[in-house]
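K.L.:
What follows is the file coords09.cif, containing mmCIF, C-alpha atoms and all ligand atoms:
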data_upload
#
loop_
_atom_site.group_PDB
_atom_site.id
_atom_site.type_symbol
_atom_site.label_atom_id
_atom_site.label_comp_id
_atom_site.auth_asym_id
_atom_site.auth_seq_id
_atom_site.Cartn_x
_atom_site.Cartn_y
_atom_site.Cartn_z
ATOM 1 C CA MET A 765 -9.674 -14.832 -2.382
ATOM 2 C CA SER A 766 -11.300 -12.606 -4.909
ATOM 3 C CA GLY A 767 -12.312 -13.986 -8.226
ATOM 4 C CA SER A 768 -12.624 -10.539 -9.652
ATOM 5 C CA LEU A 769 -8.947 -9.815 -10.146
ATOM 6 C CA ILE A 770 -8.180 -9.255 -13.750
ATOM 7 C CA CYS A 771 -4.541 -10.232 -13.702
ATOM 8 C CA CYS A 772 -1.661 -10.702 -11.283
ATOM 9 C CA GLN A 773 -2.517 -14.315 -10.797
ATOM 10 C CA SER A 774 -1.310 -14.978 -14.278
ATOM 11 C CA VAL A 775 0.706 -12.044 -15.541
ATOM 12 C CA ALA A 776 4.398 -12.612 -15.003
ATOM 13 C CA GLY A 777 6.166 -9.794 -13.231
ATOM 14 C CA CYS A 778 3.023 -8.049 -12.162
ATOM 15 C CA TYR A 779 3.720 -8.522 -8.472
ATOM 16 C CA HIS A 780 7.232 -7.295 -8.714
ATOM 17 C CA GLY A 781 6.935 -4.093 -10.605
ATOM 18 C CA THR A 782 3.944 -1.893 -10.813
ATOM 19 C CA LEU A 783 0.348 -2.439 -9.911
ATOM 20 C CA THR A 784 -2.053 -0.658 -12.174
ATOM 21 C CA THR A 785 -5.772 -0.678 -12.539
ATOM 22 C CA GLY A 786 -5.231 -3.743 -14.686
ATOM 23 C CA CYS A 787 -4.402 -5.570 -11.487
ATOM 24 C CA TYR A 788 -7.846 -5.124 -10.041
ATOM 25 C CA ASN A 789 -11.202 -4.091 -11.293
ATOM 26 C CA PRO A 790 -11.734 -0.377 -10.663
ATOM 27 C CA ALA A 791 -15.468 -0.838 -10.994
ATOM 28 C CA LEU A 792 -15.388 -2.968 -7.872
ATOM 29 C CA VAL A 793 -13.175 -0.710 -5.829
ATOM 30 C CA SER A 794 -15.191 0.636 -2.947
ATOM 31 C CA ALA A 795 -12.635 3.069 -1.581
ATOM 32 C CA GLU A 796 -12.761 6.562 -2.935
ATOM 33 C CA PRO A 797 -10.337 7.668 -4.251
ATOM 34 C CA TYR A 798 -8.438 4.650 -5.443
ATOM 35 C CA PRO A 799 -4.928 4.184 -6.812
ATOM 36 C CA THR A 800 -4.419 3.931 -10.536
ATOM 37 C CA GLU A 801 -0.804 2.937 -10.087
ATOM 38 C CA ILE A 802 1.381 1.645 -7.282
ATOM 39 C CA ARG A 803 5.034 1.524 -8.118
ATOM 40 C CA ARG A 804 8.173 0.661 -6.236
ATOM 41 C CA LEU A 805 11.026 3.133 -6.532
ATOM 42 C CA PRO A 806 13.967 1.053 -5.339
ATOM 43 C CA GLU A 807 16.516 3.823 -5.914
ATOM 44 C CA SER A 808 14.822 6.150 -3.469
ATOM 45 C CA ARG A 809 13.466 3.311 -1.310
ATOM 46 C CA ARG A 810 9.957 4.534 -1.750
ATOM 47 C CA ILE A 811 6.595 3.390 -3.004
ATOM 48 C CA ARG A 812 4.749 5.816 -5.191
ATOM 49 C CA VAL A 813 0.976 5.742 -5.373
ATOM 50 C CA THR A 814 -0.836 7.635 -8.087
ATOM 51 C CA TRP A 815 -4.497 8.246 -7.250
ATOM 52 C CA ASP A 816 -7.362 8.573 -9.643
ATOM 53 C CA ASP A 817 -7.858 12.170 -8.557
ATOM 54 C CA GLY A 818 -4.342 12.980 -9.731
ATOM 55 C CA HIS A 819 -2.741 13.020 -6.313
ATOM 56 C CA ILE A 820 0.674 11.399 -6.084
ATOM 57 C CA ALA A 821 1.946 10.060 -2.791
ATOM 58 C CA GLU A 822 5.427 8.771 -2.053
ATOM 59 C CA TYR A 823 6.001 6.658 0.998
ATOM 60 C CA ASP A 824 9.414 5.711 2.339
ATOM 61 C CA TYR A 825 9.725 1.975 2.786
ATOM 62 C CA ASP A 826 10.417 2.363 6.491
ATOM 63 C CA TYR A 827 7.468 4.693 6.871
ATOM 64 C CA LEU A 828 5.053 2.201 5.343
ATOM 65 C CA ARG A 829 6.610 -0.692 7.205
ATOM 66 C CA GLY A 830 6.167 1.251 10.423
ATOM 67 C CA TYR A 831 2.524 1.761 9.624
ATOM 68 C CA CYS A 832 1.889 -1.919 9.024
ATOM 69 C CA PRO A 833 -1.684 -2.295 10.244
ATOM 70 C CA CYS A 834 -1.542 -5.992 11.087
ATOM 71 C CA ALA A 835 -2.251 -7.215 14.611
ATOM 72 C CA ALA A 836 1.280 -8.526 15.084
ATOM 73 C CA CYS A 837 2.727 -5.072 14.488
ATOM 74 C CA GLN A 838 0.006 -3.085 16.185
ATOM 75 C CA GLY A 839 -0.552 -5.188 19.269
ATOM 76 C CA HIS A 840 -3.879 -5.269 21.001
ATOM 77 C CA GLY A 841 -4.926 -1.677 20.723
ATOM 78 C CA ALA A 842 -8.010 -1.581 18.571
ATOM 79 C CA GLY A 843 -7.708 2.104 17.894
ATOM 80 C CA GLU A 844 -5.855 3.947 15.191
ATOM 81 C CA VAL A 845 -2.814 2.434 13.574
ATOM 82 C CA GLN A 846 0.301 3.794 15.269
ATOM 83 C CA PHE A 847 3.679 4.245 13.677
ATOM 84 C CA GLN A 848 6.045 1.561 14.942
ATOM 85 C CA PRO A 849 9.525 2.290 13.642
ATOM 86 C CA PRO A 850 11.135 -0.813 12.167
ATOM 87 C CA PRO A 851 14.248 -1.952 14.092
ATOM 88 C CA SER A 852 16.288 -1.827 10.915
ATOM 89 C CA PRO A 853 15.706 -0.473 7.411
ATOM 90 C CA VAL A 854 13.576 -2.631 5.146
ATOM 91 C CA GLU A 855 13.032 -2.997 1.431
ATOM 92 C CA ALA A 856 9.747 -3.619 -0.297
ATOM 93 C CA LEU A 857 10.266 -6.783 -2.299
ATOM 94 C CA ALA A 858 6.831 -7.090 -3.848
ATOM 95 C CA ILE A 859 3.387 -5.579 -3.815
ATOM 96 C CA GLN A 860 0.295 -7.672 -4.293
ATOM 97 C CA PRO A 861 -3.310 -6.699 -4.707
ATOM 98 C CA VAL A 862 -5.725 -7.837 -2.023
ATOM 99 C CA GLY A 863 -9.201 -8.052 -3.438
ATOM 100 C CA ASN A 864 -10.151 -4.725 -4.911
ATOM 101 C CA TYR A 865 -9.586 -2.624 -1.852
ATOM 102 C CA ALA A 866 -6.043 -3.061 -0.617
ATOM 103 C CA VAL A 867 -2.497 -4.195 -1.243
ATOM 104 C CA SER A 868 -0.123 -6.284 0.779
ATOM 105 C CA ILE A 869 3.579 -5.586 0.774
ATOM 106 C CA HIS A 870 6.251 -8.209 1.112
ATOM 107 C CA TRP A 871 9.077 -6.708 3.160
ATOM 108 C CA SER A 872 12.693 -7.746 3.234
ATOM 109 C CA ASP A 873 12.402 -8.622 6.923
ATOM 110 C CA GLY A 874 10.069 -11.436 5.936
ATOM 111 C CA HIS A 875 6.883 -9.699 7.002
ATOM 112 C CA ALA A 876 4.028 -9.762 4.518
ATOM 113 C CA SER A 877 0.805 -9.995 6.475
ATOM 114 C CA GLY A 878 -0.092 -6.328 6.596
ATOM 115 C CA ILE A 879 -3.104 -5.357 4.522
ATOM 116 C CA TYR A 880 -2.873 -1.747 3.456
ATOM 117 C CA ARG A 881 -6.338 -0.573 2.495
ATOM 118 C CA PHE A 882 -6.422 2.135 -0.138
ATOM 119 C CA GLU A 883 -8.278 4.426 2.249
ATOM 120 C CA PHE A 884 -5.621 3.828 4.848
ATOM 121 C CA LEU A 885 -2.800 4.550 2.408
ATOM 122 C CA ARG A 886 -4.454 7.801 1.549
ATOM 123 C CA GLN A 887 -4.905 8.628 5.229
ATOM 124 C CA ILE A 888 -1.222 8.253 5.973
ATOM 125 C CA CYS A 889 -0.072 10.107 2.854
ATOM 126 C CA PRO A 890 2.981 11.980 4.110
ATOM 127 C CA CYS A 891 2.742 14.901 1.714
ATOM 128 C CA GLU A 892 2.198 18.409 3.002
ATOM 129 C CA LYS A 893 -1.282 18.695 1.571
ATOM 130 C CA CYS A 894 -2.553 15.570 3.236
ATOM 131 C CA GLY A 895 -0.724 16.230 6.484
ATOM 132 C CA VAL A 896 -3.187 19.048 6.973
ATOM 133 C CA LYS A 897 -6.542 17.331 7.268
ATOM 134 C CA THR A 898 -8.846 20.022 6.091
ATOM 135 C CA GLU A 899 -11.179 18.068 3.881
HETATM 136 ZN ZN ZN B 1 2.584 -6.183 10.354
HETATM 137 ZN ZN ZN B 2 -0.906 13.474 -0.091
#
Is it possible to express this structure as structure tokens?
Ligand SMILES: [Zn+2]
Ligand SMILES: [Zn+2]
P.N.:
Amino acid sequence: MSGSLICCQSVAGCYHGTLTTGCYNPALVSAEPYPTEIRRLPESRRIRVTWDDGHIAEYDYDYLRGYCPCAACQGHGAGEVQFQPPPSPVEALAIQPVGNYAVSIHWSDGHASGIYRFEFLRQICPCEKCGVKTE
């Protein structure tokens, strides 16, 4: 429900391909760092996030699905989001911006209520660098 989105409500195909900073207003993004591009890579079944600090993260569909932070997937625990392996492999059908701070992902199993905050995406970056939390 953000009136500050620049496009995506009106640009055809925006949901289904790549989100860029054109899809939200970087000036209003509170998370630091924030993604400059979020792209689906259907061939490798991954989502690639390019961050404004130059970092590039690639998330397997099943990995991200398993980290769905919504209450339905995470149950009642109010703590950290736990990885819940999906019962069967999923595809990411679409990515949509949520306000200026997150994206939601529409999965092939019909689930689409998870809100992946940029900070959270960065936290669960599976690359070697990020796996070691030294910052
Ligand atoms: Zn969920
Ligand atoms: Zn990383």
K.L.:
Pick out the closest residue to ligand ZN 2 (chain B) from this set: A:Arg812, A:Arg829, A:His875, A:His840. Count only C-alpha atoms and all ligand atoms.
P.N.:
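Closest candidate: A:Arg812.
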K.L.:
With distances taken over only C-alpha atoms and all ligand atoms, which residue among A:Asp824, A:Asp873, A:Glu892, A:Glu807 lies nearest ligand ZN 1 (chain B)?
P.N.:
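Using only C-alpha atoms and all ligand atoms, the shortest distance to ligand ZN 1 (chain B) belongs to A:Asp873.
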K.L.:
In Å, with one decimal, what is the gap from atom CA of A:Gly830 to atom CA of A:Glu855?
P.N.:
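Atom CA of A:Glu855 lies at a distance of 12.1 Å from atom CA of A:Gly830.
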K.L.:
Which distance in Å separates atom CA of A:Phe847 and atom CA of A:Ile888, to one decimal?
P.N.:
10.0 Å
K.L.:
What does the structure give for the distance between atom CA of A:Ser808 and atom CA of A:Ala836, in Å to one decimal?
P.N.:
27.3 Å
K.L.:
Could you list the protein, DNA and RNA residues that have any atom within 9 Å of ligand ZN 1 (chain B), counting all atoms listed in the file, and write them as a ChimeraX atom specification?
P.N.:
/A:829-838,875-879
K.L.:
Starting from the structure just given, write a file holding stretch 854-879 of chain A with C-alpha atoms, as a short mmCIF file (atom, residue, chain, number, x, y, z; two decimals), in the first residue's frame.
P.N.:
data_model
loop_
_atom_site.label_atom_id
_atom_site.label_comp_id
_atom_site.auth_asym_id
_atom_site.auth_seq_id
_atom_site.Cartn_x
_atom_site.Cartn_y
_atom_site.Cartn_z
CA VAL A 854 9.35 -24.87 -6.34
CA GLU A 855 9.72 -22.23 -9.01
CA ALA A 856 9.61 -18.51 -8.51
CA LEU A 857 6.86 -17.28 -10.80
CA ALA A 858 7.03 -13.59 -10.02
CA ILE A 859 8.68 -11.07 -7.76
CA GLN A 860 6.88 -8.00 -6.56
CA PRO A 861 8.09 -5.01 -4.63
CA VAL A 862 6.59 -4.45 -1.20
CA GLY A 863 6.82 -0.81 -0.28
CA ASN A 864 10.41 0.29 -0.48
CA TYR A 865 11.86 -2.25 1.87
CA ALA A 866 11.02 -5.74 0.69
CA VAL A 867 9.85 -8.05 -2.05
CA SER A 868 7.29 -10.80 -2.11
CA ILE A 869 7.79 -13.87 -4.23
CA HIS A 870 5.02 -15.81 -5.88
CA TRP A 871 5.96 -19.49 -5.74
CA SER A 872 4.74 -22.27 -7.96
CA ASP A 873 3.20 -24.03 -4.97
CA GLY A 874 0.74 -21.16 -4.71
CA HIS A 875 2.41 -19.48 -1.76
CA ALA A 876 2.96 -15.75 -2.04
CA SER A 877 2.53 -14.26 1.40
CA GLY A 878 6.14 -14.17 2.48
CA ILE A 879 7.64 -10.71 2.75
#
